[in-house]
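Containing mmCIF, C-alpha atoms and all ligand atoms: input-v1.cif.
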data_target
#
loop_
_atom_site.label_atom_id
_atom_site.label_comp_id
_atom_site.auth_asym_id
_atom_site.auth_seq_id
_atom_site.Cartn_x
_atom_site.Cartn_y
_atom_site.Cartn_z
CA MET A 19 -28.14 181.49 -50.40
CA ASP A 20 -28.31 185.20 -51.27
CA VAL A 21 -31.55 186.99 -50.44
CA TYR A 22 -32.77 189.92 -52.52
CA GLY A 23 -36.13 191.57 -52.24
CA LEU A 24 -38.60 194.34 -52.75
CA LEU A 25 -39.59 196.87 -50.11
CA GLY A 26 -42.95 198.51 -50.75
CA ASN A 27 -46.56 198.65 -49.65
CA PRO A 28 -48.45 197.06 -51.29
CA VAL A 29 -46.22 194.65 -53.19
CA GLY A 30 -48.59 191.71 -53.60
CA HIS A 31 -48.98 192.08 -57.37
CA SER A 32 -45.33 192.82 -58.07
CA LEU A 33 -43.77 191.25 -61.16
CA SER A 34 -40.26 191.64 -59.75
CA PRO A 35 -39.99 188.24 -57.96
CA PRO A 36 -40.47 186.08 -61.08
CA MET A 37 -38.38 188.45 -63.21
CA HIS A 38 -35.42 188.43 -60.79
CA GLU A 39 -35.63 184.73 -59.99
CA ALA A 40 -35.54 183.96 -63.72
CA ALA A 41 -32.22 185.84 -63.78
CA TYR A 42 -30.78 183.88 -60.83
CA ASP A 43 -31.88 180.58 -62.33
CA GLU A 44 -30.37 181.44 -65.71
CA LEU A 45 -27.11 182.61 -64.09
CA GLY A 46 -26.99 179.52 -61.84
CA LEU A 47 -27.00 181.64 -58.67
CA ASP A 48 -28.21 180.29 -55.34
CA ALA A 49 -30.45 183.27 -54.66
CA ARG A 50 -34.10 184.12 -54.01
CA TYR A 51 -36.15 187.34 -54.27
CA VAL A 52 -38.85 188.03 -51.70
CA THR A 53 -41.29 190.86 -51.03
CA PHE A 54 -41.42 192.88 -47.79
CA GLU A 55 -44.36 195.11 -46.83
CA PRO A 56 -43.36 197.14 -43.75
CA ASP A 57 -45.45 199.93 -42.27
CA ARG A 58 -44.18 203.34 -43.29
CA ASP A 59 -42.96 204.19 -39.79
CA ALA A 60 -40.90 200.98 -39.74
CA ILE A 61 -38.81 201.76 -42.81
CA ASP A 62 -35.64 202.57 -40.83
CA ALA A 63 -35.96 199.37 -38.84
CA ALA A 64 -36.60 197.43 -42.04
CA ILE A 65 -33.36 198.66 -43.63
CA ASP A 66 -31.34 198.07 -40.45
CA GLY A 67 -32.89 194.62 -40.16
CA ALA A 68 -32.16 193.74 -43.77
CA GLU A 69 -28.54 194.79 -43.31
CA ALA A 70 -28.21 192.84 -40.05
CA LEU A 71 -29.69 189.72 -41.64
CA GLY A 72 -27.32 189.86 -44.58
CA VAL A 73 -29.87 190.68 -47.28
CA ALA A 74 -27.81 191.30 -50.42
CA GLY A 75 -29.99 193.86 -52.17
CA LEU A 76 -33.40 195.48 -52.09
CA ASN A 77 -35.54 197.17 -54.67
CA VAL A 78 -37.72 199.94 -53.29
CA THR A 79 -41.12 200.94 -54.59
CA ILE A 80 -44.14 203.05 -53.63
CA PRO A 81 -44.38 204.61 -51.06
CA PHE A 82 -40.76 204.32 -49.84
CA LYS A 83 -38.60 205.54 -52.74
CA ARG A 84 -38.18 209.02 -51.29
CA ASP A 85 -38.10 207.92 -47.61
CA VAL A 86 -35.10 205.69 -48.26
CA LEU A 87 -33.03 208.48 -49.81
CA ASP A 88 -31.65 209.72 -46.50
CA ARG A 89 -31.28 206.25 -44.96
CA VAL A 90 -28.59 205.04 -47.36
CA ALA A 91 -25.56 206.49 -49.14
CA ALA A 92 -27.47 207.57 -52.25
CA ASP A 93 -25.51 208.23 -55.41
CA ASP A 94 -25.63 211.57 -57.23
CA LEU A 95 -28.29 210.53 -59.77
CA ALA A 96 -30.63 209.15 -57.10
CA ARG A 97 -30.19 212.38 -55.12
CA ARG A 98 -31.00 214.54 -58.12
CA ILE A 99 -34.04 212.41 -58.97
CA GLY A 100 -35.02 212.43 -55.29
CA ALA A 101 -35.72 208.71 -55.12
CA VAL A 102 -33.92 205.43 -54.48
CA ASN A 103 -35.30 202.28 -56.11
CA THR A 104 -32.35 199.97 -55.49
CA ILE A 105 -30.26 199.41 -52.34
CA ASP A 106 -26.98 197.50 -52.50
CA PHE A 107 -25.82 195.98 -49.20
CA GLY A 108 -22.61 194.62 -50.75
CA GLY A 109 -20.29 197.34 -49.43
CA GLU A 110 -19.41 198.66 -45.98
CA THR A 111 -22.54 200.77 -45.89
CA PRO A 112 -25.81 200.38 -47.84
CA THR A 113 -25.76 202.41 -51.06
CA GLY A 114 -28.83 203.81 -52.87
CA HIS A 115 -29.36 204.00 -56.63
CA ASN A 116 -32.11 204.79 -59.11
CA THR A 117 -32.23 202.30 -61.98
CA ASP A 118 -35.47 203.72 -63.47
CA ALA A 119 -33.42 206.31 -65.38
CA ALA A 120 -31.04 203.80 -66.94
CA GLY A 121 -33.97 201.41 -67.43
CA ALA A 122 -35.80 203.96 -69.57
CA LEU A 123 -32.65 204.71 -71.59
CA ARG A 124 -31.96 201.03 -72.26
CA ALA A 125 -35.60 200.49 -73.26
CA LEU A 126 -35.26 203.27 -75.85
CA ARG A 127 -31.83 202.15 -77.09
CA ASP A 128 -33.23 198.65 -77.50
CA HIS A 129 -35.63 200.21 -80.02
CA ASP A 130 -32.81 201.91 -81.94
CA VAL A 131 -33.28 205.38 -80.44
CA ALA A 132 -30.12 207.50 -80.56
CA ILE A 133 -30.58 209.50 -77.35
CA ASP A 134 -27.63 211.86 -77.67
CA GLY A 135 -28.98 214.84 -79.62
CA ALA A 136 -32.61 213.66 -79.58
CA ASP A 137 -35.51 216.03 -78.92
CA ALA A 138 -37.56 214.33 -76.21
CA VAL A 139 -40.93 215.20 -74.69
CA VAL A 140 -41.58 213.76 -71.25
CA VAL A 141 -45.22 213.91 -70.15
CA GLY A 142 -45.43 213.80 -66.36
CA ALA A 143 -43.23 215.21 -63.62
CA GLY A 144 -43.76 212.72 -60.78
CA GLY A 145 -41.28 210.00 -59.79
CA ALA A 146 -41.09 208.35 -63.22
CA GLY A 147 -40.99 211.70 -65.03
CA ARG A 148 -38.12 212.89 -62.85
CA ALA A 149 -36.06 209.73 -63.39
CA ILE A 150 -36.65 209.71 -67.16
CA SER A 151 -35.96 213.44 -67.55
CA PHE A 152 -32.63 213.32 -65.71
CA GLY A 153 -31.65 210.13 -67.53
CA LEU A 154 -32.38 211.58 -70.97
CA ALA A 155 -30.68 214.91 -70.27
CA ASP A 156 -27.57 213.23 -68.85
CA ALA A 157 -27.42 211.11 -72.03
CA GLY A 158 -27.47 214.20 -74.27
CA ALA A 159 -31.14 214.63 -75.18
CA THR A 160 -32.93 217.97 -75.13
CA VAL A 161 -35.87 217.46 -72.78
CA ALA A 162 -39.23 219.24 -72.78
CA ILE A 163 -41.33 218.33 -69.72
CA ALA A 164 -45.12 218.72 -69.92
CA ASN A 165 -47.28 218.18 -66.87
CA ARG A 166 -50.93 218.60 -65.84
CA THR A 167 -49.78 220.82 -62.98
CA GLU A 168 -47.66 223.14 -65.07
CA SER A 169 -45.73 224.63 -62.14
CA THR A 170 -44.34 221.17 -61.31
CA ALA A 171 -43.00 220.89 -64.87
CA HIS A 172 -41.30 224.29 -64.52
CA ASP A 173 -39.82 223.30 -61.15
CA LEU A 174 -38.42 220.06 -62.57
CA ALA A 175 -37.15 221.76 -65.73
CA ALA A 176 -35.17 224.16 -63.55
CA GLU A 177 -33.29 221.16 -62.11
CA VAL A 178 -32.75 219.15 -65.32
CA PRO A 179 -29.91 220.44 -67.53
CA GLY A 180 -31.24 222.23 -70.63
CA ALA A 181 -34.87 221.26 -70.00
CA THR A 182 -38.00 223.36 -70.47
CA GLY A 183 -41.32 223.10 -68.59
CA HIS A 184 -44.81 223.24 -70.12
CA GLY A 185 -48.48 222.55 -69.59
CA LEU A 186 -50.25 219.71 -71.42
CA ASP A 187 -51.78 222.26 -73.80
CA SER A 188 -48.34 222.73 -75.42
CA LEU A 189 -48.03 219.07 -76.41
CA ALA A 190 -49.04 219.44 -80.07
CA THR A 191 -46.43 222.15 -80.61
CA LEU A 192 -43.74 220.31 -78.66
CA LEU A 193 -44.31 217.01 -80.46
CA ALA A 194 -44.33 218.43 -84.00
CA ASP A 195 -40.51 218.44 -84.15
CA ALA A 196 -39.78 215.82 -81.47
CA ASP A 197 -38.05 212.47 -81.93
CA VAL A 198 -39.26 210.79 -78.74
CA ALA A 199 -42.42 211.09 -76.61
CA ILE A 200 -42.75 209.38 -73.24
CA ASN A 201 -45.81 209.04 -71.05
CA ALA A 202 -44.59 209.17 -67.45
CA THR A 203 -48.04 209.87 -66.00
CA SER A 204 -50.37 207.23 -64.60
CA VAL A 205 -52.95 208.04 -67.30
CA GLY A 206 -53.89 204.87 -69.18
CA MET A 207 -53.66 202.59 -66.15
CA GLU A 208 -57.13 202.84 -64.73
CA GLU A 209 -59.01 203.83 -67.86
CA ASP A 210 -58.66 203.72 -71.65
CA ALA A 211 -57.29 207.26 -71.76
CA THR A 212 -54.16 209.02 -72.99
CA PRO A 213 -52.42 212.21 -71.84
CA ILE A 214 -51.29 212.94 -75.44
CA PRO A 215 -53.92 213.87 -78.04
CA ALA A 216 -53.82 211.37 -80.94
CA GLU A 217 -53.63 214.18 -83.48
CA ALA A 218 -50.33 215.40 -81.95
CA LEU A 219 -48.60 212.09 -82.83
CA HIS A 220 -46.77 211.44 -86.12
CA GLY A 221 -44.91 208.66 -87.84
CA ASP A 222 -41.39 209.95 -87.08
CA LEU A 223 -41.88 209.59 -83.33
CA VAL A 224 -40.78 206.86 -80.96
CA VAL A 225 -43.51 206.70 -78.31
CA MET A 226 -42.77 205.04 -74.99
CA ASP A 227 -45.31 204.45 -72.23
CA ALA A 228 -44.16 203.93 -68.62
CA VAL A 229 -47.56 202.37 -67.90
CA TYR A 230 -47.29 198.57 -68.20
CA ARG A 231 -50.73 197.49 -67.00
CA PRO A 232 -52.29 197.30 -69.51
CA LEU A 233 -49.40 196.62 -71.85
CA GLU A 234 -51.20 198.03 -74.84
CA THR A 235 -52.38 201.46 -73.74
CA ARG A 236 -54.51 203.83 -75.75
CA LEU A 237 -51.41 205.97 -76.31
CA LEU A 238 -49.55 203.06 -77.89
CA ARG A 239 -52.57 202.15 -80.05
CA ASP A 240 -52.74 205.77 -81.23
CA ALA A 241 -48.98 205.72 -81.91
CA ALA A 242 -49.23 202.53 -83.98
CA ALA A 243 -52.12 204.03 -85.97
CA VAL A 244 -49.90 206.87 -87.24
CA GLY A 245 -46.93 204.59 -87.89
CA ALA A 246 -44.87 205.68 -84.87
CA THR A 247 -42.59 203.18 -83.13
CA SER A 248 -44.15 202.03 -79.83
CA VAL A 249 -42.23 200.97 -76.75
CA ASP A 250 -44.47 199.49 -74.06
CA GLY A 251 -43.95 199.97 -70.33
CA ALA A 252 -42.65 196.46 -69.76
CA TRP A 253 -39.38 197.43 -71.46
CA MET A 254 -38.59 200.07 -68.84
CA LEU A 255 -39.71 197.70 -66.07
CA LEU A 256 -37.47 195.00 -67.51
CA TYR A 257 -34.39 197.17 -67.83
CA GLN A 258 -34.68 198.77 -64.39
CA GLY A 259 -34.59 195.18 -63.09
CA VAL A 260 -31.72 194.25 -65.41
CA GLU A 261 -29.75 197.23 -64.07
CA ALA A 262 -30.41 196.11 -60.48
CA VAL A 263 -29.25 192.54 -61.17
CA GLU A 264 -26.08 193.86 -62.78
CA LEU A 265 -25.43 196.26 -59.90
CA TRP A 266 -25.90 193.54 -57.28
CA THR A 267 -24.11 190.64 -58.97
CA GLY A 268 -21.55 192.37 -61.21
CA LEU A 269 -22.68 189.98 -63.98
CA ASP A 270 -24.40 190.65 -67.30
CA ALA A 271 -28.09 190.02 -66.65
CA PRO A 272 -29.86 187.43 -68.83
CA VAL A 273 -32.20 189.91 -70.49
CA ASP A 274 -34.14 187.40 -72.60
CA ALA A 275 -34.95 185.13 -69.64
CA MET A 276 -36.05 188.09 -67.52
CA ASN A 277 -38.14 189.48 -70.37
CA ALA A 278 -39.86 186.13 -70.92
CA ALA A 279 -40.64 185.76 -67.20
CA LEU A 280 -42.05 189.28 -67.09
CA ARG A 281 -44.13 189.14 -70.26
CA SER A 282 -45.62 185.75 -69.46
CA ARG A 283 -47.26 187.43 -66.46
CA LEU A 284 -48.58 190.55 -68.19
P1 LIG B 301 -46.45 209.90 -59.46
O1 LIG B 301 -45.15 210.29 -58.85
O2 LIG B 301 -47.68 209.82 -58.61
O3 LIG B 301 -46.74 210.95 -60.66
C1 LIG B 301 -47.96 210.91 -61.37
C2 LIG B 301 -47.85 211.80 -62.61
O4 LIG B 301 -49.05 211.58 -63.38
C3 LIG B 301 -47.82 213.30 -62.29
O5 LIG B 301 -47.05 213.95 -63.27
C4 LIG B 301 -49.31 213.68 -62.41
O6 LIG B 301 -49.50 215.04 -62.72
C5 LIG B 301 -49.70 212.83 -63.58
N1 LIG B 301 -51.15 212.58 -63.62
C6 LIG B 301 -51.88 211.84 -62.77
N2 LIG B 301 -53.18 211.82 -63.16
C7 LIG B 301 -53.26 212.58 -64.29
C8 LIG B 301 -54.33 212.94 -65.16
N3 LIG B 301 -55.58 212.51 -64.95
N4 LIG B 301 -54.04 213.71 -66.22
C9 LIG B 301 -52.76 214.14 -66.47
N5 LIG B 301 -51.71 213.83 -65.67
C10 LIG B 301 -51.96 213.06 -64.59
O7 LIG B 301 -46.35 208.49 -60.19
P2 LIG B 301 -45.03 207.82 -60.81
O8 LIG B 301 -44.37 207.02 -59.77
O9 LIG B 301 -44.27 208.87 -61.53
O10 LIG B 301 -45.68 206.78 -61.84
C11 LIG B 301 -46.30 207.23 -63.03
C12 LIG B 301 -46.59 206.01 -63.91
O11 LIG B 301 -45.36 205.42 -64.31
C13 LIG B 301 -47.37 204.91 -63.21
O12 LIG B 301 -48.28 204.35 -64.12
C14 LIG B 301 -46.31 203.88 -62.85
O13 LIG B 301 -46.81 202.55 -62.79
C15 LIG B 301 -45.37 204.03 -64.04
N6 LIG B 301 -44.01 203.61 -63.76
C16 LIG B 301 -43.51 202.66 -64.56
C17 LIG B 301 -42.22 202.23 -64.40
C18 LIG B 301 -41.68 201.17 -65.31
O14 LIG B 301 -40.63 200.61 -65.00
N7 LIG B 301 -42.35 200.87 -66.43
C19 LIG B 301 -41.41 202.78 -63.38
C20 LIG B 301 -41.95 203.79 -62.56
C21 LIG B 301 -43.27 204.19 -62.76
P3 LIG B 301 -49.71 216.15 -61.56
O15 LIG B 301 -48.34 216.59 -61.15
O16 LIG B 301 -50.49 217.23 -62.23
O17 LIG B 301 -50.47 215.47 -60.45
#
In structure tokens, what does this structure look like?
Ligand code: NAP
Amino acid sequence: MDVYGLLGNPVGHSLSPPMHEAAYDELGLDARYVTFEPDRDAIDAAIDGAEALGVAGLNVTIPFKRDVLDRVAADDLARRIGAVNTIDFGGETPTGHNTDAAGALRALRDHDVAIDGADAVVVGAGGAGRAISFGLADAGATVAIANRTESTAHDLAAEVPGATGHGLDSLATLLADADVAINATSVGMEEDATPIPAEALHGDLVVMDAVYRPLETRLLRDAAAVGATSVDGAWMLLYQGVEAVELWTGLDAPVDAMNAALRSRL
């Protein structure tokens, strides 16, 4: 049996086990997906232990995504993003990847967004904002990054090809001519709030939220009200998992089965 898992703390409410196990069942693989919650100072031992025990692959979540970067052979994209969310133990040495970027791109493409040449506004410059910004820019979009702490947006924009950095007060101007708007902040999770003023939205936008709990955020309600296309946070969550399954197994992931397993729990 192949063992895959999730390294994070806490991981008790993770949706990854049912989503990944739905994939293994659909593909007929003898594999299970378990959660591991090591202390932060035990992260090195956890990775060594997983390798020694023959664990096939690990996802990595808060607070270890950055810690793991220097513990594995991280690929170029993960290094630029500054975070690893997927470790593959299939080779001679564990390799580190970031599937959040590709997950966001596949979520958008699934909703008919042509990313190459698009004008995209990414709100947020933390882990999700970094992954989404690099992913979009690498795929040919022009990226404007707006963040509460404006200096962080400028710092990130200096790293992302062709990007510009802004404060949240520039959102109305930035969005007027944009094709895509993405919330990569945590706003909307704890309270019925949005980082993007409703009046800055318009019907020609595709609006994606990285927040997936709740699934229908205030931002997405505001987007629907002006006739914009909404992409909820479960799509990015789904596709980062799809990318991990494909990386680990070399097979096409059963997207519909994974999506059904995920959405039945949201
Ligand atoms: P993070 O690294 O802690 O970054 C948080 C971001 O939110 C920062 O840009 C921060 O701005 C901003 N922020 C926080 N509170 C704010 C407020 N009250 N007003 C305006 N901006 C605020 O977190 P993360 O890992 O990027 O995660 C962000 C969200 O994305 C979370 O909800 C997470 O669950 C979600 N996420 C979803 C997926 C998915 O697959 N769907 C994947 C990854 C993350 P400052 O720099 O000013 O603090």
Sort by chain and increasing residue number a table of all residues of segment 23-89 of chain A within 9 Å of segment 95-115 of chain A, each with its closest pair of atoms and their distance in Å to one decimal, counting only C-alpha atoms, and write it as a Markdown table.
| residue | atom | partner | partner_atom | distance |
| --- | --- | --- | --- | --- |
| A:Leu24 | CA | A:Thr104 | CA | 8.8 |
| A:Ile65 | CA | A:Pro112 | CA | 8.8 |
| A:Ala68 | CA | A:Phe107 | CA | 8.6 |
| A:Glu69 | CA | A:Phe107 | CA | 6.6 |
| A:Gly72 | CA | A:Phe107 | CA | 7.8 |
| A:Val73 | CA | A:Phe107 | CA | 6.9 |
| A:Ala74 | CA | A:Phe107 | CA | 5.2 |
| A:Gly75 | CA | A:Asp106 | CA | 4.7 |
| A:Leu76 | CA | A:Ile105 | CA | 5.0 |
| A:Asn77 | CA | A:Thr104 | CA | 4.3 |
| A:Val78 | CA | A:Asn103 | CA | 4.4 |
| A:Thr79 | CA | A:Asn103 | CA | 6.2 |
| A:Phe82 | CA | A:Val102 | CA | 8.3 |
| A:Lys83 | CA | A:Ala101 | CA | 4.9 |
| A:Arg84 | CA | A:Ala101 | CA | 4.6 |
| A:Asp85 | CA | A:Ala101 | CA | 7.9 |
| A:Val86 | CA | A:Val102 | CA | 6.3 |
| A:Leu87 | CA | A:Val102 | CA | 5.6 |
| A:Arg89 | CA | A:Pro112 | CA | 8.5 |
Find the residues near segment 224-227 of chain A: any atom within 8 Å, counting all atoms listed in the file, skip ones fewer than 4 places away on the same chain, and give them as a VMD selection string.
chain A and resid 126 131 197 to 202 235 237 to 238 241 246 to 251
Closest contacts (chain A/ligand LIG 301 (chain B), max 7 Å, all atoms listed in the file) as JSON lines:
{"residue": "A:Asp118", "atom": "CA", "partner": "B:LIG301", "partner_atom": "C19", "distance": 6.0}
{"residue": "A:Gly142", "atom": "CA", "partner": "B:LIG301", "partner_atom": "O5", "distance": 3.5}
{"residue": "A:Ala143", "atom": "CA", "partner": "B:LIG301", "partner_atom": "O5", "distance": 4.0}
{"residue": "A:Gly144", "atom": "CA", "partner": "B:LIG301", "partner_atom": "O1", "distance": 3.4}
{"residue": "A:Gly145", "atom": "CA", "partner": "B:LIG301", "partner_atom": "O9", "distance": 3.6}
{"residue": "A:Ala146", "atom": "CA", "partner": "B:LIG301", "partner_atom": "O9", "distance": 3.6}
{"residue": "A:Gly147", "atom": "CA", "partner": "B:LIG301", "partner_atom": "O9", "distance": 5.6}
{"residue": "A:Asn165", "atom": "CA", "partner": "B:LIG301", "partner_atom": "O5", "distance": 5.6}
{"residue": "A:Arg166", "atom": "CA", "partner": "B:LIG301", "partner_atom": "O16", "distance": 3.9}
{"residue": "A:Thr167", "atom": "CA", "partner": "B:LIG301", "partner_atom": "O16", "distance": 3.7}
{"residue": "A:Thr170", "atom": "CA", "partner": "B:LIG301", "partner_atom": "O15", "distance": 6.1}
{"residue": "A:Ala202", "atom": "CA", "partner": "B:LIG301", "partner_atom": "O11", "distance": 5.0}
{"residue": "A:Thr203", "atom": "CA", "partner": "B:LIG301", "partner_atom": "O4", "distance": 3.3}
{"residue": "A:Ser204", "atom": "CA", "partner": "B:LIG301", "partner_atom": "O12", "distance": 3.6}
{"residue": "A:Val205", "atom": "CA", "partner": "B:LIG301", "partner_atom": "C7", "distance": 5.5}
{"residue": "A:Met207", "atom": "CA", "partner": "B:LIG301", "partner_atom": "O12", "distance": 6.0}
{"residue": "A:Pro213", "atom": "CA", "partner": "B:LIG301", "partner_atom": "C9", "distance": 5.7}
{"residue": "A:Ala228", "atom": "CA", "partner": "B:LIG301", "partner_atom": "N7", "distance": 4.2}
{"residue": "A:Val229", "atom": "CA", "partner": "B:LIG301", "partner_atom": "O12", "distance": 4.3}
{"residue": "A:Tyr230", "atom": "CA", "partner": "B:LIG301", "partner_atom": "N7", "distance": 5.7}
{"residue": "A:Gly251", "atom": "CA", "partner": "B:LIG301", "partner_atom": "N7", "distance": 4.3}
{"residue": "A:Ala252", "atom": "CA", "partner": "B:LIG301", "partner_atom": "N7", "distance": 5.5}
{"residue": "A:Trp253", "atom": "CA", "partner": "B:LIG301", "partner_atom": "N7", "distance": 6.8}
{"residue": "A:Met254", "atom": "CA", "partner": "B:LIG301", "partner_atom": "O14", "distance": 4.4}
{"residue": "A:Leu255", "atom": "CA", "partner": "B:LIG301", "partner_atom": "O14", "distance": 3.2}
{"residue": "A:Leu256", "atom": "CA", "partner": "B:LIG301", "partner_atom": "O14", "distance": 6.9}
{"residue": "A:Gln258", "atom": "CA", "partner": "B:LIG301", "partner_atom": "O14", "distance": 6.3}
Under the rule that only C-alpha atoms are counted, which of A:Leu189, A:Asp156, A:Gly23, A:Ile133 is the nearest residue to Ala64 of chain A?
A:Gly23
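You can rank A:Met19, A:Ala132, A:Ile214, A:His184 by their closest distance to Gly46 of chain A using only C-alpha atoms, and at the top of that list sits A:Met19.
The spacing separating atom CA of Pro81 of chain A from atom CA of Pro232 of chain A amounts to 21.4 Å.
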List as an MDAnalysis selection string the protein and nucleic acid residues near Tyr51 of chain A, meaning an atom at most 12 Å away when only C-alpha atoms are counted, but skip any in the same chain fewer than 3 places from it.
chainID A and resid 19:25 32:43 47:48 54 73:77 259 263
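Between atom CA of Ser151 of chain A and atom CA of Asp187 of chain A the separation is 19.2 Å.
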Provide segment 190-197 of chain A rebuilt to all heavy atoms, formatted as a PDB file, in the coordinates of the input.
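selection.pdb, freshly written:
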ATOM      1  N   ALA A 190     -49.024 219.526 -78.603  1.00  0.00           N
ATOM      2  CA  ALA A 190     -49.040 219.440 -80.070  1.00  0.00           C
ATOM      3  C   ALA A 190     -47.842 220.191 -80.650  1.00  0.00           C
ATOM      4  O   ALA A 190     -47.138 219.688 -81.533  1.00  0.00           O
ATOM      5  CB  ALA A 190     -50.349 219.980 -80.614  1.00  0.00           C
ATOM      6  N   THR A 191     -47.567 221.361 -80.128  1.00  0.00           N
ATOM      7  CA  THR A 191     -46.430 222.150 -80.610  1.00  0.00           C
ATOM      8  C   THR A 191     -45.112 221.448 -80.301  1.00  0.00           C
ATOM      9  O   THR A 191     -44.224 221.351 -81.153  1.00  0.00           O
ATOM     10  CB  THR A 191     -46.433 223.536 -79.913  1.00  0.00           C
ATOM     11  OG1 THR A 191     -47.758 224.052 -79.976  1.00  0.00           O
ATOM     12  CG2 THR A 191     -45.462 224.495 -80.553  1.00  0.00           C
ATOM     13  N   LEU A 192     -44.991 220.953 -79.064  1.00  0.00           N
ATOM     14  CA  LEU A 192     -43.740 220.310 -78.660  1.00  0.00           C
ATOM     15  C   LEU A 192     -43.457 219.062 -79.489  1.00  0.00           C
ATOM     16  O   LEU A 192     -42.318 218.768 -79.842  1.00  0.00           O
ATOM     17  CB  LEU A 192     -43.796 219.914 -77.175  1.00  0.00           C
ATOM     18  CG  LEU A 192     -43.853 221.056 -76.157  1.00  0.00           C
ATOM     19  CD1 LEU A 192     -44.116 220.504 -74.761  1.00  0.00           C
ATOM     20  CD2 LEU A 192     -42.542 221.846 -76.182  1.00  0.00           C
ATOM     21  N   LEU A 193     -44.506 218.303 -79.793  1.00  0.00           N
ATOM     22  CA  LEU A 193     -44.310 217.010 -80.460  1.00  0.00           C
ATOM     23  C   LEU A 193     -44.064 217.146 -81.955  1.00  0.00           C
ATOM     24  O   LEU A 193     -43.507 216.236 -82.581  1.00  0.00           O
ATOM     25  CB  LEU A 193     -45.524 216.107 -80.212  1.00  0.00           C
ATOM     26  CG  LEU A 193     -45.594 215.564 -78.773  1.00  0.00           C
ATOM     27  CD1 LEU A 193     -46.932 214.906 -78.511  1.00  0.00           C
ATOM     28  CD2 LEU A 193     -44.459 214.572 -78.538  1.00  0.00           C
ATOM     29  N   ALA A 194     -44.452 218.279 -82.540  1.00  0.00           N
ATOM     30  CA  ALA A 194     -44.330 218.430 -84.000  1.00  0.00           C
ATOM     31  C   ALA A 194     -42.905 218.150 -84.480  1.00  0.00           C
ATOM     32  O   ALA A 194     -42.709 217.487 -85.492  1.00  0.00           O
ATOM     33  CB  ALA A 194     -44.779 219.830 -84.403  1.00  0.00           C
ATOM     34  N   ASP A 195     -41.906 218.623 -83.721  1.00  0.00           N
ATOM     35  CA  ASP A 195     -40.510 218.440 -84.150  1.00  0.00           C
ATOM     36  C   ASP A 195     -39.752 217.452 -83.263  1.00  0.00           C
ATOM     37  O   ASP A 195     -38.528 217.389 -83.330  1.00  0.00           O
ATOM     38  CB  ASP A 195     -39.778 219.791 -84.114  1.00  0.00           C
ATOM     39  CG  ASP A 195     -40.358 220.753 -85.125  1.00  0.00           C
ATOM     40  OD1 ASP A 195     -40.668 220.303 -86.247  1.00  0.00           O
ATOM     41  OD2 ASP A 195     -40.538 221.943 -84.782  1.00  0.00           O
ATOM     42  N   ALA A 196     -40.465 216.704 -82.432  1.00  0.00           N
ATOM     43  CA  ALA A 196     -39.780 215.820 -81.470  1.00  0.00           C
ATOM     44  C   ALA A 196     -39.431 214.467 -82.101  1.00  0.00           C
ATOM     45  O   ALA A 196     -40.039 214.051 -83.091  1.00  0.00           O
ATOM     46  CB  ALA A 196     -40.662 215.610 -80.249  1.00  0.00           C
ATOM     47  N   ASP A 197     -38.432 213.820 -81.501  1.00  0.00           N
ATOM     48  CA  ASP A 197     -38.050 212.470 -81.930  1.00  0.00           C
ATOM     49  C   ASP A 197     -38.665 211.408 -81.011  1.00  0.00           C
ATOM     50  O   ASP A 197     -38.931 210.298 -81.450  1.00  0.00           O
ATOM     51  CB  ASP A 197     -36.512 212.321 -81.855  1.00  0.00           C
ATOM     52  CG  ASP A 197     -35.801 213.387 -82.661  1.00  0.00           C
ATOM     53  OD1 ASP A 197     -36.051 213.466 -83.873  1.00  0.00           O
ATOM     54  OD2 ASP A 197     -35.011 214.162 -82.070  1.00  0.00           O
TER      55      ASP A 197
END
